[in-house]
Amino acid sequence: MDHNEGNGKNLKKNVYKNPVSEIAGKLSEHCKSETVFGEPVELADGKKVIPVSKVTYSFGGGGGADIKPENSAREAHGGGGGGFASVKPVGMYEVSERKTRFIPVVDITALLLSFTIFPLILALLLKLKK
C-alpha cells in the first residue's frame, strides 16, 4: 500500500495507465525513414527508383482516476484515446550514374479542385467589381 504523507491517509496503489503514452509508444515503432522512403527498385536501364511518401500522425487522449481511501468501496479509473495515420505518395527519386532527380506525384484531386475553385472565385470577383 502507498501512504500519502501529505494528509496521512492510506491510498490504494494507482494502476491507471496513461493512454497517450501507450499510443505514442505504438506510433514511435513506425517513425522510421523506411516509412517515408521505400525500397529502391532497380530498372532495366541501370537506374534506381526510390519511392517517397508523406507520413502524418495525429493522436490524443486523456483519462483520470478517482482513488478513494482504503476503507471506501468505490474506486474509478477511466481513459481513452484515438489516433489517425496517413501515408500518401509524394514522388520518387530517380538515381542514375549521371544525376539524381525528384519526380513529384501529381495529386489529381487537388489539381481538379484548383481548376474548379479558381474560375468560380474569379467570376465572383468580376461580378462584385461591376
# chains A, B, ... in the order shown; residues from 1 in each chain; ligands from 1
>>> select_by_dssp(residues="stretch 14-94 of chain A", states="strand (DSSP E or B)", output="PyMOL selection string")
chain A and resi 37+41-42+48-66+69+76-94
>>> residues_around(residues="A:Ser53", least_positions_apart="5", cutoff="6 Å", atoms="only C-alpha atoms", output="PyMOL selection string")
chain A and resi 36+88-90
>>> write_last_selection(atoms="N, CA, C and O atoms", output="CSV table (one decimal), in the first residue's frame")
chain,number,residue,atom,x,y,z
A,36,VAL,N,9.0,6.5,-44.8
A,36,VAL,CA,8.9,7.6,-45.8
A,36,VAL,C,9.6,7.2,-47.1
A,36,VAL,O,9.0,7.4,-48.2
A,88,LYS,N,0.8,9.0,-47.8
A,88,LYS,CA,0.5,9.4,-49.1
A,88,LYS,C,1.7,9.5,-50.0
A,88,LYS,O,2.7,10.0,-49.5
A,89,PRO,N,1.7,8.9,-51.2
A,89,PRO,CA,2.9,9.1,-52.1
A,89,PRO,C,3.1,10.5,-52.5
A,89,PRO,O,2.1,11.2,-52.8
A,90,VAL,N,4.3,11.0,-52.5
A,90,VAL,CA,4.6,12.4,-52.9
A,90,VAL,C,5.5,12.4,-54.2
A,90,VAL,O,5.6,13.4,-54.8
>>> residues_around(residues="A:Asp66", least_positions_apart="6", cutoff="9 Å", atoms="only C-alpha atoms", output="list in words")
Arg74, Glu75, Ala76, His77 and Gly78 of chain A
>>> write_last_selection(atoms="N, CA, C and O atoms", output="PDB file, in the first residue's frame")
ATOM      1  N   ARG A  74     -15.530   2.410  -3.268  1.00  0.00           N
ATOM      2  CA  ARG A  74     -15.547   2.950  -4.631  1.00  0.00           C
ATOM      3  C   ARG A  74     -14.166   3.415  -5.062  1.00  0.00           C
ATOM      4  O   ARG A  74     -13.473   4.103  -4.349  1.00  0.00           O
ATOM      5  N   GLU A  75     -13.813   3.025  -6.267  1.00  0.00           N
ATOM      6  CA  GLU A  75     -12.589   3.493  -6.907  1.00  0.00           C
ATOM      7  C   GLU A  75     -12.878   3.489  -8.396  1.00  0.00           C
ATOM      8  O   GLU A  75     -13.445   2.539  -8.916  1.00  0.00           O
ATOM      9  N   ALA A  76     -12.543   4.547  -9.098  1.00  0.00           N
ATOM     10  CA  ALA A  76     -12.867   4.627 -10.517  1.00  0.00           C
ATOM     11  C   ALA A  76     -11.647   5.024 -11.328  1.00  0.00           C
ATOM     12  O   ALA A  76     -10.848   5.852 -10.893  1.00  0.00           O
ATOM     13  N   HIS A  77     -11.511   4.402 -12.461  1.00  0.00           N
ATOM     14  CA  HIS A  77     -10.454   4.726 -13.424  1.00  0.00           C
ATOM     15  C   HIS A  77     -11.118   4.904 -14.780  1.00  0.00           C
ATOM     16  O   HIS A  77     -12.059   4.197 -15.110  1.00  0.00           O
ATOM     17  N   GLY A  78     -10.621   5.801 -15.564  1.00  0.00           N
ATOM     18  CA  GLY A  78     -11.166   5.966 -16.913  1.00  0.00           C
ATOM     19  C   GLY A  78     -10.138   6.571 -17.832  1.00  0.00           C
ATOM     20  O   GLY A  78      -9.242   7.296 -17.400  1.00  0.00           O
TER      21      GLY A  78
END
>>> atom_distance(atom1="atom CA of A:Ser21", atom2="atom CA of A:Gly61")
9.1 Å
>>> residues_around(residues="A:Glu94", least_positions_apart="6", cutoff="6 Å", atoms="only C-alpha atoms", output="ChimeraX atom specification")
/A:48-49,100-101
>>> write_last_selection(atoms="C-alpha atoms", output="PDB file, in the first residue's frame")
ATOM      1  CA  LYS A  48      17.146   3.084 -59.492  1.00  0.00           C
ATOM      2  CA  VAL A  49      13.810   4.470 -58.335  1.00  0.00           C
ATOM      3  CA  THR A 100      19.597  12.190 -59.309  1.00  0.00           C
ATOM      4  CA  ARG A 101      16.245  13.905 -59.717  1.00  0.00           C
TER       5      ARG A 101
END
>>> atom_distance(atom1="atom CA of A:Tyr93", atom2="atom CA of A:Leu112")
25.2 Å
>>> closest_residue(among="A:Ala85, A:Glu42, A:Pro51, A:Leu128", to="A:Ile103", atoms="only C-alpha atoms")
A:Pro51
>>> closest_residue(among="A:Ile50, A:Ile67, A:Leu126, A:Val87", to="A:Pro104", atoms="only C-alpha atoms")
A:Ile50
>>> select_by_dssp(residues="chain A", states="helix (DSSP H, G or I)", output="NGL selection string")
:A and (19-28 or 33-36 or 108-129)
